[in-house]
Amino acid sequence: MPDSMSTSSTYDVIIVGSGAGGGMAAYNLTKAGAKCLMLEAGGWYDAAKDSKWLEWQYNAPHRGGGDYTSPMNYFLAADGGWQVPGEPYLNARGTDWMWFRARMLGGRTNSWGRISLRNGPYDFKPYDRYGNGFNWPIGYEDLAPYYDRTEELIGVFGSKEGLENLPDGKFLPPPAPRCYELLLQQASRKLHIPCIPSRLAVLTRPLNGRPECHYVSQCGRACRMGSNFSSPVVLLLPARETGNLEIRTGAMAREILTGPDGRATGVSYIDKKTRKEVQVHGKVVVLAASSCETARLLLNSRSSRFPDGLANSSGMVGKYLMDTVMSTVSGFLPKLMDLPPHNCDGVGGMHLYMPWWGYQESVRRTLPFSRGYHIEISGSRQGMPMPGVLSGTQKLVGGGYGESLKENCRKLYGSFVTLSGRGEMIPNENSYCEVDNNVVDQWGIPVLKFHFQWGEQELRMARHMQETFQEIIHTAGGEVVQSYGAEQRWGISEGGQGIHEVGGVRMGDNPKDSVLNAHCQAWDCKNLFVADGAPFVGLANKNPTLTILAMAWRTSDYIADQVKKGNV
Amino acid sequence: MEKKSSGSGVRLERRNILKLMATLPAAALAPVTPFASSVAMAMPQEAGAQNDAAVYQPKVFHPHELRTIRILSDMILPADERSCSASEAGVPEFIDGWLHVKQGNLLDEIRGGLTWLDMASNRSFQFDFADCSIQRQKQILDRIAYPEKAAPEDASAVVFFNSLRDLVVSGFFTSRQGIRDLPYVGNQPQQQWTGCPPQVRAKLGLVDS
Ligand SMILES: Cc1cc2nc3c(=O)[nH]c(=O)nc-3n(C[C@H](O)[C@H](O)[C@H](O)COP(=O)(O)OP(=O)(O)OC[C@H]3O[C@@H](n4cnc5c(N)ncnc54)[C@H](O)[C@@H]3O)c2cc1C
C-alpha cells in the first residue's frame with residue numbers, strides 16, 4: 001500500500017460535507033447529471049435504524065440526560081457535540097467560543113431544531129437600512145424562488161401572516177398550539193408582541209413519500225419515519241437514486257489541491273480508517289463542511305502560489321464570523337399547575353413563536369440597539385421528562401424533603417416556561433478564526449483558533465430581551481425563576497453557543513473585501529464554490545439553515561449552468 | 001431543541017408562591033396505568049438490572065457513601081400511596097453513574113456534603129449520619145433543607161443539599177417507576193395532533209380563538 005494514494009477517475013464535482021449545504025448541492029448537481037463524489041468526515045448514519053425514537057429515558061445510560069457531549073448525549077442524533085475527541089480547537093485569550101460539530105452523514109441536520117425562517121428584504125441590505133454592517137451582493141428577490149422550491153421539497157409548516165420583513169412561504173398547515181403556548185400568546189398580545197404559528201421543517205401532512213409527523217416531540221433524536229428534514233433522508237437518498245453520487249465516509253478533507261493555473265484540481269483527505277492521505281480529482285470543488293471548517297480548509301490549502309491559503313487574496317478568509325445573540329428567562333406560571341393530564345408532546349419544537357416586532361421603532365431609532373430578535377418559547381410539560389426535570393423546586397417552595405416535596409413536585413410538574421431570544425449580530429472585526437500551525441488534530445491538520453466579541457449593540461439587545469421576557473411572564477400571571485442582570489452581562493450567550501455560526505468566507509461585489517462573488521464562486525479560483533453558511537454577509541435574527549439550503553440550491557444551479565456553458 | 005443555557009445567575013420572586021402551593025388540593029394526577037402504546041412496548045429495552053441494589057457495583061461512591069446516599073434518597077422522596085421510594089426506583093445508582101460521567105465539581109460537592117453530614121452528626125450525636133435515628137437524621141437535614149432559614153455557617157451544606165435534592169428528583173421522575181407518578185401521557189405516536197384539549201383550555205380560561 002503506498003503512503004499516499006490517489007484514485008484515477010476524475011469526478012465532475014467533489015463536495016466536502018454532507019450536511020444542509022452539501023446535501024442540497026448533491027441533490028441538485030446529481031439531478032443535473034453531474035458525477036459527484038461526496039467526502040464526509042463522519043460515519044454513516046441512517047435514522048431509520050439508528051434513531052433512538054420512542055426509547056424511554058429510563059432505559060438509556062444516565063437516563064439519556066446531560067449536555068450535548070457524549071457519552072451524555074444519548075438521544076441527540078449528533079456524533080460529536082461541543083467537543084470532538086482528537087479534534088481540538090483553540091480560543092484566543094478572552095474568547096469562549098463554543099463550537100458544535102456533528103461528525104456524521106447529514107451533519108447537524110439530523111439533530112437540528114428544524115426552525116425554518118426566511119430572511120426578509122431588510123436582512124440582505126442591513127447597511128442601507130441601519131447604517132451598520134454590510135449589504136449582501138444579492139437581495140431577497142434573488143433567493144425567493146429558491147426559498148419556494150426548498151420549502152416545497154423539504155416541507156415546512158407555518159401560516160401566512162403578511163408581517164414586515166418576514167416573508168411567508170409555501171407552508172404546510174401548522175400544528176395546533178399547546179396549552180402553555182396559548183397562555184403566553186395571550187400575554188404577548190396584551191403587550192402588542194405578535195405570537196404566531198412557528199415555522200418548522202416537520203411534516204404535518206405526508207409529502208413526497210414521507211409520512212406525517214407522529215407528534216412525540218423527538219425531532220432531535222432524528223426521525224425514524226423521515227417526517228422531518230434531514231439531509232440524508234430528504235436530499236442524499238434521492239441524490240443516490242440518480243446513480244450519480246458516491247459518498248465516502250470517514251474522509252476528513254485536509255486541503256484543496258490546485259494546478260499550475262491556480263484552478264482547483266481536487267481534494268486531499270485523510271482516510272480515518274487507514275490514516276493515509278488520499279487524493280481525489282474533480283472538475284469542480286464545492287465546500288460545505290460547515291462555516292468554520294470551510295474557512296479552515298481554505299486556510300490550510302497553502303502553496304507557494306497561495307501562501308495565505310486558497311481564495312484568500314483579500315485576506316478575508318475567516319473574517320466576520322457571526323453567531324446568534326441568545327438570552328433566556330424562565331418563569332413559573334401557577335395557572336399551569338395541576339392541569340388535567342393531557343398529551344403535550346407535539347412536534348419536536350415550539351408550535352408558536354414571537355417574531356420581531358420592532359422594525360418601525362428601530363428605523364425611528366427609539367430602541368437602544370439596531371436590528372432585532374425573535375422569541376422562542378418552550379414549556380416544561382412538552383416532551384419526555386429528562387434529568388433536570390423539576391430541578392430547582394426549592395427555589396419555589398422554600399426547600400424541604402419528604403412526602404410534602406413529592407407532592408409539590410407533582411403539582412409543579414409542567415408549570416415552567418422558557419423564553420429565549422434569537423437576535424441579529426452585527427458582524428465585527430474582532431470576531432474571526434485563523435489557523436494555528438502549532439497545534440494539529442489527530443489527522444495532522446492544523447486547527448482553528450477563534451477570536452470572538454459581542455459588540456455594545458448585542459449587549460443592549462440582550463438586556464432588552466431580559467426585560468421583555470420578564471414582562472411577558474408577569475403579564476401571563478407568572479413569576480420569574482431565572483433571569484440575568486448587568487453583572488451577568490444580561491445572560492448573553494457565548495459566541496458559537498447559538499450553533500448558528502456563519503460567515504468567514506463571505507460573498508460580495510468586490511474581490512478586495514470578499515472571498516466569493518454573488519454566486520458563491522471564489523474570486524481567485526473559478527471552479528471552487530462554497531455551499532454552507534460561510535458566505536453569509538450578515539446573520540439575521542432568522543435561524544440560518546433555510547437560507548443555507550436555498551443558497552446552496554441557487555449555487556448549484558449556477559454551477560450546472562456554468563459547466564454547460566463551458567465557463568468553469 | 002432547547003440549547004444549553006449559560007450562566008448561573010438566579011433571581012427569584014416568590015411573592016405568593018408558598019401561599020398558593022398551600023391552597024392547592026393534592027395534585028390531580030393521571031391514573032397509574034401501564035404504558036399503553038404497543039409501539040413503545042416493542043422498543044428495545046436495555047438489558048440488566050439497573051435497579052438491583054444487591055449486585056450494584058458503585059462507580060464513584062464508597063460503600064459507606066452509597067449507604068448514606070440511599071438513606072438520603074428515601075428521606076427526600078419516600079414511598080407514599082402513589083409511588084415507591086427513590087431507592088426502590090434506582091435513584092442511588094443513577095446518582096452514582098451520573099457523578100461518574102458528569103464534568104465539573106459536582107462529585108466533589110456531593111462527596112464533600114456527605115462528609116459534612118457525618119461531621120455534623122458526630123458533633124451533635126457522636127454517630128455517623130447513617131447510624132443515627134431517623135429523628136436525629138431529620139434534625140440535621142432540617143438545618144440545611146430550607147435555604148432561607150438556614151444558619152450562615154451551614155451555607156455550603158445548603159448548596160450541597162439543593163444539588164442532592166435536584167439529583168434525587170431528577171433520578172426519581174425519570175425512572176420507570178417515577179415517570180408513572182407524573183401526569184406525563186406522551187411518547188405515544190399519534191394519528192393526528194389536536195392541540196390543547198378543551199377541558200384544559202376551559203380551566204385556563206382560554207376562550208377559543
Ligand atoms: C441542536 C441544534 C439545533 C439547531 N437548531 C436549528 C434550527 O432550529 N434552525 C436552524 O436554522 N438551524 C439550527 N441549527 C443549526 C443547523 O444545524 C446548521 O445551520 C446546519 O446544519 C448547517 O449546515 P452545514 O451544511 O453548513 O453544516 P453541518 O450540518 O454541520 O454539516 C457539515 C458536515 O461536514 C462534515 N465535515 C466537516 N469538516 C469536514 C472535513 N474536513 N472533511 C469532510 N467532511 C467534513 C461534518 O462532519 C458534517 O457532516 C441547529 C443545530 C443544532 C446542533
# chains A, B, ... in the order shown; residues from 1 in each chain; ligands from 1
$ residues_near_ligand --ligand "ligand 1" --cutoff "7 Å" --atoms "only C-alpha atoms and all ligand atoms" --output "PyMOL selection string"
(chain A and resi 16-22+39-42+100-109+111-116+220+251-254+288-291+293+297+499-500+532-533+543-546+548) or (chain B and resi 1+3)
$ residues_around --residues "stretch 200-202 of chain B" --least-positions-apart "5" --cutoff "7 Å" --atoms "only C-alpha atoms" --output "list in words"
Cys179, Leu339 and Pro340 of chain A
$ write_last_selection --atoms "C-alpha atoms" --output "CSV table (one decimal), in the first residue's frame"
chain,number,residue,atom,x,y,z
A,179,CYS,CA,-51.8,25.0,26.4
A,339,LEU,CA,-53.7,20.6,34.9
A,340,PRO,CA,-55.8,17.7,33.8
$ select_by_dssp --residues "stretch 377-509 of chain A" --states "strand (DSSP E or B)" --output "ChimeraX atom specification"
/A:377-379,416-423,425,432-440,446-451,479-482,502-504,507
$ write_last_selection --atoms "N, CA, C and O atoms" --output "CSV table (one decimal), in the first residue's frame"
chain,number,residue,atom,x,y,z
A,377,ILE,N,-40.1,29.9,22.4
A,377,ILE,CA,-40.8,29.6,23.7
A,377,ILE,C,-40.8,28.0,23.9
A,377,ILE,O,-40.9,27.3,22.9
A,378,SER,N,-40.7,27.7,25.1
A,378,SER,CA,-40.8,26.2,25.4
A,378,SER,C,-41.4,26.1,26.8
A,378,SER,O,-41.4,27.0,27.6
A,379,GLY,N,-41.9,24.9,27.1
A,379,GLY,CA,-42.6,24.7,28.4
A,379,GLY,C,-42.2,23.3,28.9
A,379,GLY,O,-41.8,22.4,28.2
A,416,PHE,N,-43.5,25.3,34.2
A,416,PHE,CA,-42.4,26.2,33.9
A,416,PHE,C,-42.4,26.5,32.4
A,416,PHE,O,-42.6,25.7,31.6
A,417,VAL,N,-42.1,27.8,32.1
A,417,VAL,CA,-41.9,28.2,30.7
A,417,VAL,C,-40.6,28.9,30.5
A,417,VAL,O,-40.0,29.4,31.5
A,418,THR,N,-40.1,28.8,29.3
A,418,THR,CA,-38.8,29.5,29.0
A,418,THR,C,-39.0,30.3,27.7
A,418,THR,O,-39.5,29.9,26.8
A,419,LEU,N,-38.5,31.5,27.8
A,419,LEU,CA,-38.4,32.4,26.7
A,419,LEU,C,-37.0,32.7,26.3
A,419,LEU,O,-36.2,33.0,27.2
A,420,SER,N,-36.6,32.4,25.1
A,420,SER,CA,-35.2,32.5,24.7
A,420,SER,C,-35.1,33.4,23.4
A,420,SER,O,-35.8,33.1,22.4
A,421,GLY,N,-34.3,34.4,23.5
A,421,GLY,CA,-34.2,35.3,22.3
A,421,GLY,C,-33.2,34.8,21.3
A,421,GLY,O,-32.2,34.1,21.6
A,422,ARG,N,-33.5,35.1,20.0
A,422,ARG,CA,-32.5,34.8,19.0
A,422,ARG,C,-32.3,36.1,18.2
A,422,ARG,O,-33.2,36.5,17.4
A,423,GLY,N,-31.2,36.7,18.4
A,423,GLY,CA,-31.0,38.1,17.9
A,423,GLY,C,-30.0,38.2,16.8
A,423,GLY,O,-29.1,37.4,16.7
A,425,MET,N,-26.8,39.6,15.1
A,425,MET,CA,-25.5,40.2,15.4
A,425,MET,C,-25.0,41.1,14.3
A,425,MET,O,-25.1,40.7,13.1
A,432,TYR,N,-13.3,36.5,14.5
A,432,TYR,CA,-12.8,35.7,13.3
A,432,TYR,C,-12.1,34.5,13.8
A,432,TYR,O,-11.9,34.3,14.9
A,433,CYS,N,-11.8,33.6,12.8
A,433,CYS,CA,-11.0,32.4,13.1
A,433,CYS,C,-9.8,32.4,12.2
A,433,CYS,O,-9.8,32.9,11.1
A,434,GLU,N,-8.7,31.8,12.7
A,434,GLU,CA,-7.5,31.6,12.0
A,434,GLU,C,-6.9,30.3,12.3
A,434,GLU,O,-7.3,29.6,13.2
A,435,VAL,N,-6.0,29.8,11.4
A,435,VAL,CA,-5.3,28.5,11.7
A,435,VAL,C,-4.1,28.7,12.5
A,435,VAL,O,-3.4,29.7,12.4
A,436,ASP,N,-4.0,27.9,13.5
A,436,ASP,CA,-2.8,27.9,14.4
A,436,ASP,C,-1.9,26.7,14.0
A,436,ASP,O,-2.2,25.6,14.3
A,437,ASN,N,-0.8,27.0,13.4
A,437,ASN,CA,0.1,26.0,12.9
A,437,ASN,C,0.8,25.2,14.0
A,437,ASN,O,1.4,24.1,13.7
A,438,ASN,N,0.7,25.6,15.2
A,438,ASN,CA,1.4,24.9,16.3
A,438,ASN,C,0.6,23.8,16.8
A,438,ASN,O,1.1,23.0,17.6
A,439,VAL,N,-0.7,23.7,16.5
A,439,VAL,CA,-1.5,22.7,17.0
A,439,VAL,C,-2.2,21.9,15.9
A,439,VAL,O,-2.8,22.6,15.0
A,440,VAL,N,-2.2,20.6,15.9
A,440,VAL,CA,-2.9,19.9,14.9
A,440,VAL,C,-3.9,18.9,15.5
A,440,VAL,O,-3.8,18.6,16.7
A,446,PRO,N,-3.7,21.3,10.9
A,446,PRO,CA,-3.7,22.4,11.8
A,446,PRO,C,-5.1,22.9,12.2
A,446,PRO,O,-6.0,22.9,11.3
A,447,VAL,N,-5.3,23.3,13.4
A,447,VAL,CA,-6.6,23.5,13.9
A,447,VAL,C,-6.9,25.0,13.9
A,447,VAL,O,-6.1,25.9,13.7
A,448,LEU,N,-8.2,25.3,14.2
A,448,LEU,CA,-8.6,26.7,14.2
A,448,LEU,C,-8.4,27.3,15.6
A,448,LEU,O,-8.6,26.7,16.6
A,449,LYS,N,-8.2,28.6,15.6
A,449,LYS,CA,-8.1,29.4,16.8
A,449,LYS,C,-9.2,30.5,16.6
A,449,LYS,O,-9.2,31.2,15.6
A,450,PHE,N,-10.0,30.7,17.6
A,450,PHE,CA,-11.2,31.6,17.5
A,450,PHE,C,-10.9,32.9,18.3
A,450,PHE,O,-10.4,32.9,19.4
A,451,HIS,N,-11.4,34.0,17.7
A,451,HIS,CA,-11.5,35.3,18.4
A,451,HIS,C,-12.9,35.7,18.3
A,451,HIS,O,-13.5,35.7,17.2
A,479,GLU,N,-44.2,34.1,37.7
A,479,GLU,CA,-43.1,34.6,38.5
A,479,GLU,C,-41.8,34.2,37.7
A,479,GLU,O,-41.7,33.2,37.1
A,480,VAL,N,-40.9,35.1,37.8
A,480,VAL,CA,-39.6,34.8,37.1
A,480,VAL,C,-38.8,33.9,38.0
A,480,VAL,O,-38.6,34.2,39.2
A,481,VAL,N,-38.3,32.8,37.4
A,481,VAL,CA,-37.5,31.9,38.2
A,481,VAL,C,-36.0,32.1,37.9
A,481,VAL,O,-35.2,32.0,38.8
A,482,GLN,N,-35.7,32.4,36.6
A,482,GLN,CA,-34.3,32.6,36.3
A,482,GLN,C,-34.1,33.7,35.3
A,482,GLN,O,-34.8,33.7,34.3
A,502,VAL,N,-22.0,31.5,11.2
A,502,VAL,CA,-22.0,31.7,9.8
A,502,VAL,C,-20.9,32.8,9.5
A,502,VAL,O,-20.4,33.4,10.4
A,503,GLY,N,-20.6,33.0,8.2
A,503,GLY,CA,-19.6,33.9,7.8
A,503,GLY,C,-18.3,33.3,7.8
A,503,GLY,O,-18.1,32.1,7.9
A,504,GLY,N,-17.3,34.1,7.5
A,504,GLY,CA,-15.9,33.6,7.5
A,504,GLY,C,-15.4,33.4,6.0
A,504,GLY,O,-14.2,33.4,5.8
A,507,MET,N,-19.4,36.4,0.8
A,507,MET,CA,-19.6,36.8,-0.6
A,507,MET,C,-19.6,38.3,-0.7
A,507,MET,O,-19.8,39.0,0.3
$ closest_residue --among "B:Gln103, B:Gln57, B:Gln126, B:Thr115" --to "chain A" --atoms "only C-alpha atoms"
B:Gln103
$ closest_residue --among "A:Val363, A:Leu459, A:Cys292, A:Ala540" --to "A:Glu487" --atoms "only C-alpha atoms"
A:Leu459
$ closest_residue --among "A:Gln470, A:Asn59, A:Asn567, A:Asn228" --to "chain B" --atoms "only C-alpha atoms"
A:Asn59
$ atom_distance --atom1 "atom CA of A:Leu299" --atom2 "atom CA of A:Val278"
19.3 Å
$ interface_residues --of "chain A" --to "chain B" --cutoff "7 Å" --atoms "only C-alpha atoms" --output "PyMOL selection string"
chain A and resi 54-55+57-59+62-63+113+175-179+214-216+220+335+338-346+348-349+383-392+396-403+406+410-411+479-484+488+491+493
$ select_by_dssp --residues "stretch 23-202 of chain A" --states "helix (DSSP H, G or I)" --output "VMD selection string"
chain A and resid 23 to 31 47 to 50 57 to 59 61 to 64 107 to 110 121 to 124 126 to 130 140 to 154 179 to 190
$ atom_distance --atom1 "atom CA of A:Pro307" --atom2 "atom CA of A:Pro137"
27.4 Å
$ atom_distance --atom1 "atom CA of A:Ser159" --atom2 "atom CA of A:Leu367"
28.2 Å
$ closest_residue --among "A:Gly331, A:Gly315, A:Pro206, A:Pro355" --to "A:Phe469" --atoms "only C-alpha atoms"
A:Gly331
$ closest_residue --among "A:Asp561, A:Glu277, A:Glu458, A:Asp148" --to "A:Thr324" --atoms "only C-alpha atoms"
A:Glu458
